[in-house]
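Dumped final-v5.csv below, it's CSV, C-alpha atoms and all ligand atoms:
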chain,number,residue,atom,x,y,z
A,1,MET,CA,-169.1,117.3,52.8
A,2,ILE,CA,-168.8,118.7,56.3
A,3,ILE,CA,-172.1,119.8,57.8
A,4,SER,CA,-172.1,123.0,59.9
A,5,VAL,CA,-174.8,125.4,61.2
A,6,ARG,CA,-174.6,129.0,62.3
A,7,SER,CA,-174.1,129.0,66.1
A,8,LEU,CA,-173.9,132.7,66.9
A,9,SER,CA,-176.6,135.4,66.7
A,10,TYR,CA,-175.7,138.8,65.2
A,11,ASP,CA,-176.0,140.3,68.7
A,12,GLU,CA,-173.7,137.7,70.2
A,13,LEU,CA,-171.2,138.3,67.4
A,14,LYS,CA,-171.3,142.1,68.2
A,15,ARG,CA,-170.8,141.4,71.9
A,16,ASN,CA,-167.4,139.8,70.8
A,17,LEU,CA,-166.4,143.0,69.0
A,18,SER,CA,-165.2,146.3,70.3
A,19,PRO,CA,-165.7,149.6,68.3
A,20,ASP,CA,-162.0,150.0,67.5
A,21,ASP,CA,-161.6,146.5,66.1
A,22,LYS,CA,-160.2,146.2,62.6
A,23,ILE,CA,-161.9,143.2,61.1
A,24,VAL,CA,-161.2,140.7,58.4
A,25,ILE,CA,-164.1,138.5,57.4
A,26,TRP,CA,-162.7,135.1,56.4
A,27,SER,CA,-164.8,132.6,54.6
A,28,CYS,CA,-164.4,129.1,53.3
A,29,ASP,CA,-165.7,128.4,49.8
A,30,THR,CA,-166.6,124.8,50.1
A,31,CYS,CA,-168.8,122.8,52.6
A,32,VAL,CA,-170.0,125.8,54.7
A,33,LYS,CA,-171.0,127.6,51.6
A,34,HIS,CA,-173.3,124.7,50.6
A,35,CYS,CA,-174.7,124.9,54.2
A,36,GLY,CA,-175.8,128.5,53.4
A,37,ILE,CA,-173.6,130.2,55.9
A,38,ALA,CA,-170.5,131.2,54.0
A,39,GLY,CA,-169.1,132.3,50.6
A,40,MET,CA,-168.4,135.6,48.9
A,41,GLU,CA,-172.1,136.7,48.9
A,42,LYS,CA,-172.5,136.0,52.6
A,43,MET,CA,-169.3,137.9,53.4
A,44,SER,CA,-170.7,140.9,51.6
A,45,VAL,CA,-173.9,140.7,53.6
A,46,LEU,CA,-172.0,140.5,56.9
A,47,GLU,CA,-169.7,143.3,55.8
A,48,ASP,CA,-172.8,145.6,55.1
A,49,LEU,CA,-174.3,144.7,58.5
A,50,LEU,CA,-171.1,145.5,60.3
A,51,LYS,CA,-170.3,148.7,58.4
A,52,GLU,CA,-173.8,149.9,59.0
A,53,ASP,CA,-173.2,149.5,62.7
A,54,GLY,CA,-170.0,151.5,62.5
A,55,TYR,CA,-167.4,148.7,62.5
A,56,THR,CA,-164.2,148.8,60.4
A,57,VAL,CA,-164.0,145.9,57.9
A,58,LEU,CA,-160.5,145.8,56.3
A,59,LYS,CA,-161.0,142.9,54.0
A,60,LYS,CA,-163.0,139.9,52.9
A,61,GLU,CA,-160.8,136.9,52.4
A,62,LEU,CA,-162.3,133.9,50.5
A,63,VAL,CA,-160.3,130.7,50.9
A,64,SER,CA,-160.9,127.5,48.9
A,65,GLU,CA,-160.4,125.3,52.0
A,66,SER,CA,-159.6,126.8,55.3
A,67,CYS,CA,-159.2,123.3,56.8
A,68,GLN,CA,-155.9,123.0,55.0
A,69,ILE,CA,-153.4,124.8,57.3
A,70,ASN,CA,-151.0,125.3,54.4
A,71,LEU,CA,-153.6,127.3,52.4
A,72,ALA,CA,-154.4,129.4,55.5
A,73,LYS,CA,-150.7,130.2,55.9
A,74,LYS,CA,-150.5,131.2,52.2
A,75,HIS,CA,-153.4,133.6,52.5
A,76,LYS,CA,-151.8,135.1,55.6
A,77,LYS,CA,-148.5,135.6,53.6
A,78,ALA,CA,-150.3,137.0,50.5
A,79,HIS,CA,-151.9,139.8,52.5
A,80,GLU,CA,-149.5,140.2,55.4
A,81,ASP,CA,-149.9,144.0,55.7
A,82,ILE,CA,-153.7,143.8,56.1
A,83,PHE,CA,-153.5,140.9,58.5
A,84,ASN,CA,-150.8,142.7,60.6
A,85,ASP,CA,-153.2,145.6,60.9
A,86,ALA,CA,-156.2,143.5,61.7
A,87,THR,CA,-157.2,142.9,65.3
A,88,THR,CA,-160.0,140.5,64.7
A,89,ILE,CA,-160.9,137.7,62.2
A,90,ILE,CA,-164.5,136.6,61.9
A,91,LEU,CA,-164.7,133.2,60.4
A,92,LEU,CA,-167.4,131.8,58.2
A,93,THR,CA,-165.9,128.3,58.3
A,94,CYS,CA,-166.5,125.0,59.9
A,95,GLU,CA,-164.9,124.3,63.3
A,96,ILE,CA,-162.0,122.5,61.6
A,97,GLY,CA,-161.3,125.7,59.6
A,98,TYR,CA,-161.5,127.6,62.9
A,99,GLN,CA,-158.7,125.4,64.4
A,100,CYS,CA,-156.5,126.0,61.4
A,101,VAL,CA,-157.0,129.8,61.3
A,102,LYS,CA,-156.6,130.1,65.0
A,103,THR,CA,-153.3,128.3,64.8
A,104,VAL,CA,-152.1,130.5,61.9
A,105,PHE,CA,-153.1,133.7,63.8
A,106,PRO,CA,-152.5,132.8,67.5
A,107,LYS,CA,-152.4,136.5,68.6
A,108,LYS,CA,-155.5,137.7,66.9
A,109,LYS,CA,-159.1,137.6,68.2
A,110,VAL,CA,-160.6,134.8,66.0
A,111,ILE,CA,-164.4,134.5,66.2
A,112,GLY,CA,-166.0,131.3,64.9
A,113,THR,CA,-169.6,131.5,63.8
A,114,ALA,CA,-170.5,127.8,63.1
A,115,LYS,CA,-171.0,124.6,64.9
A,116,THR,CA,-169.8,121.5,63.0
A,117,PHE,CA,-171.8,118.3,63.3
A,118,GLY,CA,-169.9,115.8,61.1
A,119,SER,CA,-170.0,114.7,57.5
A,120,GLY,CA,-172.9,114.1,55.1
A,121,ASN,CA,-174.0,114.9,51.6
A,122,PHE,CA,-176.2,117.1,49.5
A,123,SER,CA,-179.7,115.9,48.7
A,124,ASN,CA,-181.5,117.6,45.9
A,125,LYS,CA,-184.7,117.4,47.9
A,126,LYS,CA,-183.5,118.2,51.4
A,127,GLY,CA,-180.3,120.2,50.8
A,128,PRO,CA,-177.3,119.4,53.0
A,129,ILE,CA,-177.9,116.4,55.3
A,130,LEU,CA,-175.8,115.0,58.1
A,131,THR,CA,-175.3,111.2,57.9
A,132,SER,CA,-172.2,110.6,60.0
A,133,PRO,CA,-172.4,112.8,63.2
A,134,LEU,CA,-169.3,113.4,65.3
A,135,PRO,CA,-169.5,111.4,68.6
A,136,THR,CA,-169.4,114.7,70.5
A,137,THR,CA,-172.9,115.6,69.1
A,138,GLY,CA,-174.5,112.7,70.8
A,139,LEU,CA,-176.5,112.0,67.6
A,140,ALA,CA,-176.8,108.4,66.3
A,141,PRO,CA,-175.7,107.8,62.7
A,142,GLU,CA,-178.7,108.1,60.4
A,143,THR,CA,-178.8,106.8,56.8
A,144,GLU,CA,-181.7,109.1,55.9
A,145,GLY,CA,-179.7,112.0,57.4
A,146,TYR,CA,-180.4,114.9,59.7
A,147,THR,CA,-181.5,118.0,57.8
A,148,LEU,CA,-180.1,121.5,58.7
A,149,ASN,CA,-183.6,122.4,60.1
A,150,LYS,CA,-183.6,119.4,62.3
A,151,LEU,CA,-180.1,120.3,63.7
A,152,VAL,CA,-181.2,123.9,64.2
A,153,GLU,CA,-184.3,122.8,66.1
A,154,THR,CA,-182.5,120.1,68.2
A,155,PHE,CA,-179.5,122.3,69.2
A,156,ASN,CA,-181.3,125.7,69.3
A,157,LEU,CA,-179.1,127.2,66.6
A,158,TYR,CA,-179.8,129.7,63.8
A,159,PRO,CA,-181.5,128.6,60.6
A,160,LYS,CA,-180.3,131.3,58.2
A,161,PHE,CA,-177.5,133.7,57.8
A,162,PHE,CA,-176.9,136.9,59.9
A,163,ASP,CA,-179.2,139.0,57.7
A,164,ALA,CA,-182.1,137.0,59.0
A,165,ASP,CA,-181.5,138.7,62.4
A,166,LYS,CA,-181.2,142.2,60.9
A,167,GLN,CA,-181.7,143.3,57.4
A,168,PRO,CA,-178.7,145.1,55.9
A,169,ASN,CA,-179.7,148.4,54.4
A,170,PRO,CA,-177.0,149.3,51.8
A,171,GLU,CA,-177.3,152.6,50.0
A,172,LYS,CA,-179.5,152.2,46.9
A,173,ILE,CA,-179.6,154.2,43.7
A,174,THR,CA,-181.9,154.0,40.6
A,175,ILE,CA,-180.7,153.1,37.2
A,176,THR,CA,-182.6,152.3,34.0
A,177,VAL,CA,-182.3,148.8,32.6
A,178,ASP,CA,-184.1,147.9,29.3
A,179,GLY,CA,-186.4,150.9,29.7
A,180,LYS,CA,-187.4,150.2,33.3
A,181,PRO,CA,-186.2,151.8,36.5
A,182,LEU,CA,-184.2,149.4,38.8
A,183,GLU,CA,-183.0,150.0,42.4
A,184,VAL,CA,-179.5,148.7,42.8
A,185,LYS,CA,-176.7,148.9,45.3
A,186,LYS,CA,-174.5,152.0,45.0
A,187,ASP,CA,-171.0,151.3,43.6
A,188,ALA,CA,-171.8,147.6,43.1
A,189,ASN,CA,-170.7,145.6,40.1
A,190,LEU,CA,-173.3,145.9,37.2
A,191,LEU,CA,-173.4,142.2,36.4
A,192,ASP,CA,-173.8,141.2,40.0
A,193,GLU,CA,-176.8,143.6,40.4
A,194,LEU,CA,-178.4,142.5,37.2
A,195,SER,CA,-178.1,138.9,38.3
A,196,ALA,CA,-179.4,139.8,41.7
A,197,ASN,CA,-182.5,141.3,40.0
A,198,ARG,CA,-183.0,138.1,37.9
A,199,ILE,CA,-181.8,139.7,34.6
A,200,ARG,CA,-179.8,136.9,33.2
A,201,ILE,CA,-176.6,137.9,31.3
A,202,PRO,CA,-174.3,135.3,29.9
A,203,HIS,CA,-170.9,135.3,31.6
A,204,LEU,CA,-168.2,132.7,31.2
A,205,CYS,CA,-165.1,134.3,32.7
A,206,TYR,CA,-166.7,136.2,35.6
A,207,ASP,CA,-167.7,135.0,39.0
A,208,SER,CA,-168.3,137.4,41.9
A,209,SER,CA,-166.0,135.3,44.1
A,210,LEU,CA,-163.2,135.6,41.6
A,211,GLY,CA,-163.5,139.1,40.2
A,212,SER,CA,-163.5,140.2,36.6
A,213,ILE,CA,-160.9,140.2,33.8
A,214,GLY,CA,-163.2,140.9,30.8
A,215,ALA,CA,-161.9,137.9,28.8
A,216,CYS,CA,-164.9,136.2,27.3
A,217,ARG,CA,-167.0,139.3,26.2
A,218,MET,CA,-170.2,137.3,26.6
A,219,CYS,CA,-171.6,139.8,29.2
A,220,LEU,CA,-171.4,142.9,26.9
A,221,VAL,CA,-174.2,145.5,27.3
A,222,LYS,CA,-174.8,149.0,26.0
A,223,ILE,CA,-174.6,152.0,28.3
A,224,GLU,CA,-175.9,155.3,27.2
A,225,GLY,CA,-173.1,157.8,26.7
A,226,LYS,CA,-170.4,155.2,26.4
A,227,ARG,CA,-168.9,154.1,23.1
A,228,GLY,CA,-169.3,150.6,21.9
A,229,LEU,CA,-170.4,147.5,23.9
A,230,ILE,CA,-169.2,147.4,27.5
A,231,PRO,CA,-168.5,144.2,29.6
A,232,SER,CA,-171.0,144.4,32.4
A,233,CYS,CA,-168.7,142.3,34.6
A,234,CYS,CA,-166.1,145.1,34.6
A,235,THR,CA,-168.5,148.0,35.2
A,236,GLN,CA,-169.2,149.8,38.4
A,237,ILE,CA,-172.8,151.1,38.8
A,238,GLU,CA,-173.3,154.9,38.6
A,239,GLU,CA,-176.3,157.0,39.4
A,240,GLY,CA,-178.7,157.5,36.5
A,241,MET,CA,-177.0,154.8,34.3
A,242,ILE,CA,-179.1,153.7,31.3
A,243,VAL,CA,-178.4,150.1,30.3
A,244,THR,CA,-179.5,147.9,27.4
A,245,THR,CA,-178.9,144.3,28.2
A,246,ASP,CA,-180.3,142.7,25.0
A,247,ASP,CA,-181.0,143.8,21.4
A,248,GLU,CA,-180.3,142.5,18.0
A,249,GLU,CA,-176.7,143.6,17.9
A,250,ILE,CA,-175.9,142.3,21.4
A,251,THR,CA,-177.6,138.9,20.7
A,252,SER,CA,-175.8,138.6,17.3
A,253,LEU,CA,-172.4,139.2,19.0
A,254,ARG,CA,-173.0,136.8,21.8
A,255,LYS,CA,-174.1,134.1,19.4
A,256,SER,CA,-171.0,134.6,17.3
A,257,ILE,CA,-168.8,134.3,20.4
A,258,LEU,CA,-170.5,131.2,21.5
A,259,GLN,CA,-170.3,129.6,18.1
A,260,MET,CA,-166.6,130.4,18.0
A,261,ILE,CA,-166.0,128.8,21.4
A,262,ILE,CA,-167.9,125.7,20.3
A,263,ALA,CA,-166.0,125.5,17.0
A,264,GLU,CA,-162.7,125.7,18.8
A,265,CYS,CA,-163.5,123.2,21.5
A,266,GLY,CA,-165.7,120.7,19.7
A,267,ASP,CA,-168.9,119.1,20.7
A,268,GLU,CA,-167.8,117.9,24.2
A,269,ILE,CA,-168.0,121.5,25.4
A,270,GLN,CA,-171.8,121.4,24.9
A,271,GLN,CA,-171.9,119.1,28.0
A,272,SER,CA,-171.3,122.2,30.0
A,273,ARG,CA,-174.5,123.4,31.6
A,274,ASP,CA,-173.9,127.1,30.9
A,275,ILE,CA,-173.0,126.6,27.3
A,276,ARG,CA,-176.0,124.4,26.8
A,277,TYR,CA,-178.3,127.0,28.4
A,278,TRP,CA,-177.1,129.8,26.1
A,279,MET,CA,-177.2,127.6,23.0
A,280,ARG,CA,-180.8,126.9,23.7
A,281,ARG,CA,-181.6,130.5,24.6
A,282,TYR,CA,-180.0,131.8,21.4
A,283,LYS,CA,-181.4,128.9,19.3
A,284,ILE,CA,-178.0,127.8,18.1
A,285,THR,CA,-178.5,124.5,16.2
A,286,GLU,CA,-175.6,124.7,13.8
A,287,ASN,CA,-172.2,126.4,13.7
A,288,ARG,CA,-171.2,128.8,11.0
A,289,PHE,CA,-167.6,128.6,12.1
A,290,LYS,CA,-165.5,125.7,11.0
A,291,LEU,CA,-162.1,125.5,12.8
A,292,PRO,CA,-159.6,122.7,13.3
A,293,LYS,CA,-160.5,121.0,16.5
A,294,LYS,CA,-157.8,121.2,19.3
A,295,ASN,CA,-155.8,118.0,19.8
A,296,GLU,CA,-154.1,118.5,23.1
A,297,THR,CA,-153.1,115.8,25.6
A,298,VAL,CA,-155.4,115.2,28.5
A,299,ASP,CA,-153.4,115.4,31.8
A,300,ASP,CA,-154.5,112.6,34.1
A,301,SER,CA,-151.5,112.8,36.5
A,302,ASN,CA,-153.1,114.7,39.4
A,303,GLU,CA,-154.4,112.5,42.2
A,304,VAL,CA,-157.8,114.0,42.2
A,305,LEU,CA,-158.3,116.0,39.0
A,306,VAL,CA,-158.2,115.6,35.2
A,307,LYS,CA,-157.3,118.5,33.0
A,308,ASP,CA,-158.5,118.4,29.4
A,309,PRO,CA,-157.1,121.4,27.5
A,310,ASN,CA,-159.3,120.6,24.5
A,311,ARG,CA,-162.3,122.0,26.5
A,312,CYS,CA,-160.5,125.1,27.8
A,313,ILE,CA,-161.9,128.4,26.7
A,314,LEU,CA,-159.2,130.4,28.5
A,315,CYS,CA,-161.6,132.1,30.7
A,316,GLY,CA,-159.0,132.2,33.5
A,317,ARG,CA,-161.3,131.2,36.3
A,318,CYS,CA,-159.1,128.3,37.3
A,319,VAL,CA,-156.0,130.6,37.3
A,320,ARG,CA,-157.8,133.1,39.7
A,321,ALA,CA,-159.4,130.4,41.8
A,322,CYS,CA,-156.0,128.8,42.4
A,323,ALA,CA,-154.1,132.0,43.0
A,324,ASN,CA,-156.8,133.8,45.1
A,325,LEU,CA,-158.8,131.1,46.8
A,326,SER,CA,-156.2,128.5,47.4
A,327,GLY,CA,-153.1,130.7,47.3
A,328,GLN,CA,-151.1,128.0,45.5
A,329,LYS,CA,-150.7,129.6,42.0
A,330,VAL,CA,-150.4,126.2,40.4
A,331,ILE,CA,-152.3,127.1,37.2
A,332,ASN,CA,-151.1,129.9,34.9
A,333,PHE,CA,-151.5,131.2,31.5
A,334,ALA,CA,-148.5,130.7,29.1
A,335,ARG,CA,-147.7,131.8,25.6
A,336,ARG,CA,-149.5,134.7,23.9
A,337,GLY,CA,-152.3,135.7,21.5
A,338,SER,CA,-153.9,132.8,19.7
A,339,ASN,CA,-151.3,130.4,21.2
A,340,THR,CA,-152.3,131.1,24.8
A,341,VAL,CA,-152.8,128.0,27.0
A,342,THR,CA,-153.2,127.3,30.6
A,343,ILE,CA,-150.4,125.3,32.1
A,344,THR,CA,-149.7,123.7,35.5
A,345,GLY,CA,-146.5,124.6,37.4
A,346,LEU,CA,-143.8,125.5,34.8
A,347,ASN,CA,-145.6,123.3,32.3
A,348,ASP,CA,-145.2,120.3,34.5
A,349,PRO,CA,-147.6,117.4,34.7
A,350,PHE,CA,-150.4,118.4,37.0
A,351,GLY,CA,-149.5,115.6,39.4
A,352,SER,CA,-146.0,117.0,40.0
A,353,THR,CA,-147.2,120.5,41.1
A,354,ASP,CA,-147.9,121.9,44.5
A,355,CYS,CA,-151.7,121.3,44.0
A,356,ALA,CA,-153.4,121.2,47.4
A,357,HIS,CA,-156.4,119.2,46.0
A,358,CYS,CA,-158.8,121.8,47.1
A,359,LEU,CA,-160.9,121.5,43.9
A,360,ALA,CA,-161.5,125.2,43.6
A,361,CYS,CA,-160.3,125.2,39.9
A,362,ALA,CA,-162.7,122.4,39.0
A,363,HIS,CA,-165.6,124.0,40.9
A,364,TYR,CA,-165.2,127.3,38.9
A,365,CYS,CA,-164.3,125.9,35.5
A,366,PRO,CA,-167.4,126.6,33.3
A,367,THR,CA,-166.6,124.0,30.6
A,368,ASN,CA,-165.5,120.9,32.6
A,369,ALA,CA,-162.0,121.3,31.3
A,370,ILE,CA,-160.9,120.5,34.9
A,371,THR,CA,-162.9,117.9,36.6
A,372,PRO,CA,-162.6,115.9,39.8
A,373,LYS,CA,-161.8,112.2,39.5
A,374,SER,CA,-164.1,109.8,41.3
A,375,ILE,CA,-165.0,110.9,44.8
A,376,SER,CA,-163.7,107.6,46.2
A,377,LYS,CA,-160.2,108.4,44.9
A,378,LYS,CA,-160.3,111.8,46.4
A,379,ILE,CA,-161.4,110.6,49.8
A,380,SER,CA,-158.3,108.4,50.4
A,381,GLY,CA,-155.7,110.6,51.9
A,382,TYR,CA,-157.9,113.7,52.0
A,383,PRO,CA,-157.6,115.8,55.1
A,384,PHE,CA,-161.4,116.3,55.9
A,385,TRP,CA,-161.8,112.7,56.9
A,386,THR,CA,-158.7,112.6,59.0
A,387,MET,CA,-159.9,115.8,60.7
A,388,ILE,CA,-163.3,114.4,61.4
A,389,THR,CA,-161.7,111.4,63.0
A,390,TYR,CA,-159.2,113.6,64.9
A,391,PRO,CA,-161.2,116.8,65.4
A,392,LYS,CA,-158.8,118.2,68.0
A,393,LYS,CA,-155.7,117.9,65.7
A,394,ILE,CA,-154.5,120.2,63.0
A,395,VAL,CA,-154.1,118.1,59.9
A,396,THR,CA,-151.7,119.0,57.1
A,397,LYS,CA,-151.8,117.3,53.7
A,398,THR,CA,-148.3,116.4,52.5
A,401,LIG,S1,-154.8,123.4,41.0
A,401,LIG,FE1,-157.0,123.5,41.6
A,401,LIG,S2,-157.1,121.9,43.2
A,401,LIG,FE2,-154.9,122.4,43.0
A,401,LIG,S3,-154.5,124.0,44.5
A,401,LIG,FE3,-155.1,125.0,42.6
A,401,LIG,S4,-157.3,125.4,42.8
A,401,LIG,FE4,-156.8,123.9,44.3
A,402,LIG,S1,-159.5,125.2,32.4
A,402,LIG,FE1,-161.6,125.9,32.7
A,402,LIG,S2,-161.5,127.5,34.2
A,402,LIG,FE2,-159.4,127.2,33.4
A,402,LIG,S3,-159.2,128.7,31.8
A,402,LIG,FE3,-159.9,126.8,30.9
A,402,LIG,S4,-162.1,126.9,30.8
A,402,LIG,FE4,-161.4,128.5,32.2
A,403,LIG,S1,-168.1,137.6,31.9
A,403,LIG,FE1,-167.7,139.7,31.4
A,403,LIG,S2,-166.2,139.5,29.9
A,403,LIG,FE2,-166.5,137.4,30.5

What is this structure when it is put down as structure tokens?
Amino acid sequence: MIISVRSLSYDELKRNLSPDDKIVIWSCDTCVKHCGIAGMEKMSVLEDLLKEDGYTVLKKELVSESCQINLAKKHKKAHEDIFNDATTIILLTCEIGYQCVKTVFPKKKVIGTAKTFGSGNFSNKKGPILTSPLPTTGLAPETEGYTLNKLVETFNLYPKFFDADKQPNPEKITITVDGKPLEVKKDANLLDELSANRIRIPHLCYDSSLGSIGACRMCLVKIEGKRGLIPSCCTQIEEGMIVTTDDEEITSLRKSILQMIIAECGDEIQQSRDIRYWMRRYKITENRFKLPKKNETVDDSNEVLVKDPNRCILCGRCVRACANLSGQKVINFARRGSNTVTITGLNDPFGSTDCAHCLACAHYCPTNAITPKSISKKISGYPFWTMITYPKKIVTKT
């Protein structure tokens, strides 16, 4: 992964802005996110800070890999009206992403917020570590790796995200959850706020970076005054809401859904961390549903990914990740009802599609139905490494 650290204070960022700027916040969803300075959540924090200070934020644009210029161009095209209107793009990307976005928007004010140091990896103990510094940093290669804190200290940068400089103060309201009052962000997504307050709700099709489609029904809750069970991932918070997140009926329904998924997809699906967690939590040891196991062909034709439809629960995360984060629209749903499947291209082998190898689909798949092949295969011909070697060039994967 590429290692980057925030290089701009919030005040410095504001000095680059003027009050009538129309801003798009653009974030990468890969390496910089793992360095703690990007991603959907961070974009929301920055949006709150800027709005509180009276700036106009038109859009948050999450991109699977901003360092691929083709993907940056696709995002520009997909939201042309907004980008035409925008005067300024604030980037939560590495410096390579900065070069690509700057090239795609040559007439806009593009503000980078990170300094990129080279490549490294993620250590469970130390977090992201830099092992192969760029020559321009003056750092010697270090097998143990430089931690982010070490880089912050050595280069006098910023250890955390912008909210460490100034706490955002979004408008809060009070709702009742499982009999207790809870302060939450006004108009926010109910599932997001429950998760932010450590109330764990199962959710297989939702991710705050991808939005909601209400497909899996695992996140159902009860809301006083509303009929039936309501998917919390599709619910906007309202003042005074009274929510029940767990009771006998909710648990029984979630258990049935989970058992049905496992019955359809077979034992392999239990390798998924989320599925395992909820099976333990709901004490599912045997399955009351007996369904014929899927017997679909595994697609191994993609250079970097394997797609195993037998593990697919049709949550649609890969479809949204590919369309919204990479802009490629390689993965789609096909057929209807109980025959619904996900296909690549027009039902072409994965390897013959326009896949940009950004890995967003694999990253968001909750059941490992799409998984990366070995890292070594991915590295050959992968743009990151070329860009690290040629940091001043724009690299396009062909
Ligand atoms: S199929 Fe997956 S790896 Fe390929 S472009 Fe779409 S999201 Fe990226
Ligand atoms: S491949 Fe994975 S992400 Fe895509 S629909 Fe199936 S389970 Fe969901
Ligand atoms: S997470 Fe809400 S319906 Fe799937």

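Take the candidates A:Lys166, A:Arg254, A:Lys115, A:Arg198 and check each one against ligand LIG 403 (chain A) using all atoms listed in the file; the shortest distance goes to A:Arg254.
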
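Considering the residues A:Leu151, A:Val184, A:Leu190, A:Ile343 and counting only C-alpha atoms, Leu139 in chain A has its shortest atom-to-atom contact with A:Leu151.
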
**OP:** Could I get the residue neighbourhood of ligand LIG 403 (chain A) at 9 Å, counting all atoms listed in the file, as a PyMOL selection string?
**Re:** chain A and resi 191+201-207+212-220+230-234+315

I'd like the contact shell of Asp192 in chain A - 8 Å cut-off, only C-alpha atoms, skipping same-chain residues fewer than 3 positions apart - returned as a PDB file with C-alpha atoms, keeping the file's coordinate frame.
ATOM      1  CA  ALA A 188    -171.800 147.600  43.100  1.00  0.00           C
ATOM      2  CA  ASN A 189    -170.700 145.600  40.100  1.00  0.00           C
ATOM      3  CA  SER A 195    -178.100 138.900  38.300  1.00  0.00           C
ATOM      4  CA  ALA A 196    -179.400 139.800  41.700  1.00  0.00           C
ATOM      5  CA  SER A 208    -168.300 137.400  41.900  1.00  0.00           C
ATOM      6  CA  CYS A 233    -168.700 142.300  34.600  1.00  0.00           C
TER       7      CYS A 233
END

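Interatomic distance, CA of Lys77 in chain A against CA of Asp348 in chain A: 24.7 Å.
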
Subject >> Env. residues ligand LIG 401 (chain A) / 7 Å / all atoms listed in the file / as a ChimeraX atom specification >> reply: /A:318,321-322,326,328-331,354-362

Original post:
What is the CA of Val32 in chain A-CA of Lys108 in chain A distance in Å, reported with one decimal?
Top reply: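 Spanning CA of Val32 in chain A to CA of Lys108 in chain A is a straight-line distance of 22.4 Å.
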
**OP:** Determine, counting all atoms listed in the file, which protein, DNA and RNA residues have an atom within 10 Å of an atom of Val57 in chain A; residues of the same chain fewer than 6 positions away are not included. Present the result as an MDAnalysis selection string.
**Re:** chainID A and resid 21:25 46:48 50:51 86 88:89

**OP:** Identify, on the basis of all atoms listed in the file, every residue whose closest approach to range 236-250 of chain A does not exceed 7 Å; exclude the query and any residue fewer than 2 positions from it along the same chain; express the result as a PyMOL selection string.
**Re:** chain A and resi 173-178+186-190+221-224+234+252-254

Subject >> Test item: residues lying within 8 Å of ligand LIG 402 (chain A) with only C-alpha atoms and all ligand atoms, as a list in words >> reply: Cys205, Lys307, Asp308, Pro309, Arg311, Cys312, Ile313, Leu314, Cys315, Gly316, Arg317, Cys318, Val319, Thr342, Cys361, Ala362, Tyr364, Cys365, Pro366, Thr367, Asn368, Ala369 and Ile370 of chain A

Original post:
Suppose you want the space between CA of Asn156 in chain A and CA of Pro168 in chain A; what is it in Å?
Top reply: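 Taking CA of Asn156 in chain A as the start and CA of Pro168 in chain A as the end point, the length is 23.7 Å.
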
**OP:** Counting only C-alpha atoms, figure out which residue out of A:Glu153, A:Lys283, A:Asn347, A:Leu62 gets nearest to Ala323 in chain A.
**Re:** A:Leu62

Subject >> Nearest-residue call for Phe122 in chain A, choices A:Phe350, A:Phe105, A:Tyr282, A:Tyr146, using only C-alpha atoms >> reply: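 Closest to Phe122 in chain A, using only C-alpha atoms: A:Tyr146.
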
Original post:
How would you write as a ChimeraX atom specification the residues that get within 9 Å of (-160.3, 129.3, 54.2) in the file's frame, counting only C-alpha atoms?
Top reply: /A:26-30,61-69,71-72,75,91-93,97-98,100-101,325-326

**OP:** May I have the residues within 7 Å of Lys294 in chain A as a list in words, using all atoms listed in the file and disregarding those fewer than 4 positions away in the same chain?
**Re:** Glu264, Cys265 and Asn310 of chain A

**OP:** Give the answer as one residue: which of A:Gly351, A:Cys35, A:Asp300, A:Ser256 has the shortest atom-to-atom distance to Ser123 in chain A, using all atoms listed in the file?
**Re:**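 Among the listed residues, the smallest separation from Ser123 in chain A belongs to A:Cys35.
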
Original post:
Which residue out of A:Lys42, A:Lys150, A:His34, A:Lys76 has the minimum interatomic distance to Asn121 in chain A when only C-alpha atoms are used?
Top reply: A:His34

Original post:
Quick one: residues within 7 Å of range 1-16 of chain A, all atoms listed in the file counted, chain neighbours fewer than 6 positions away excluded, as a ChimeraX atom specification?
Top reply: /A:31-32,35,37,94,113-121,130,157-158,162,165
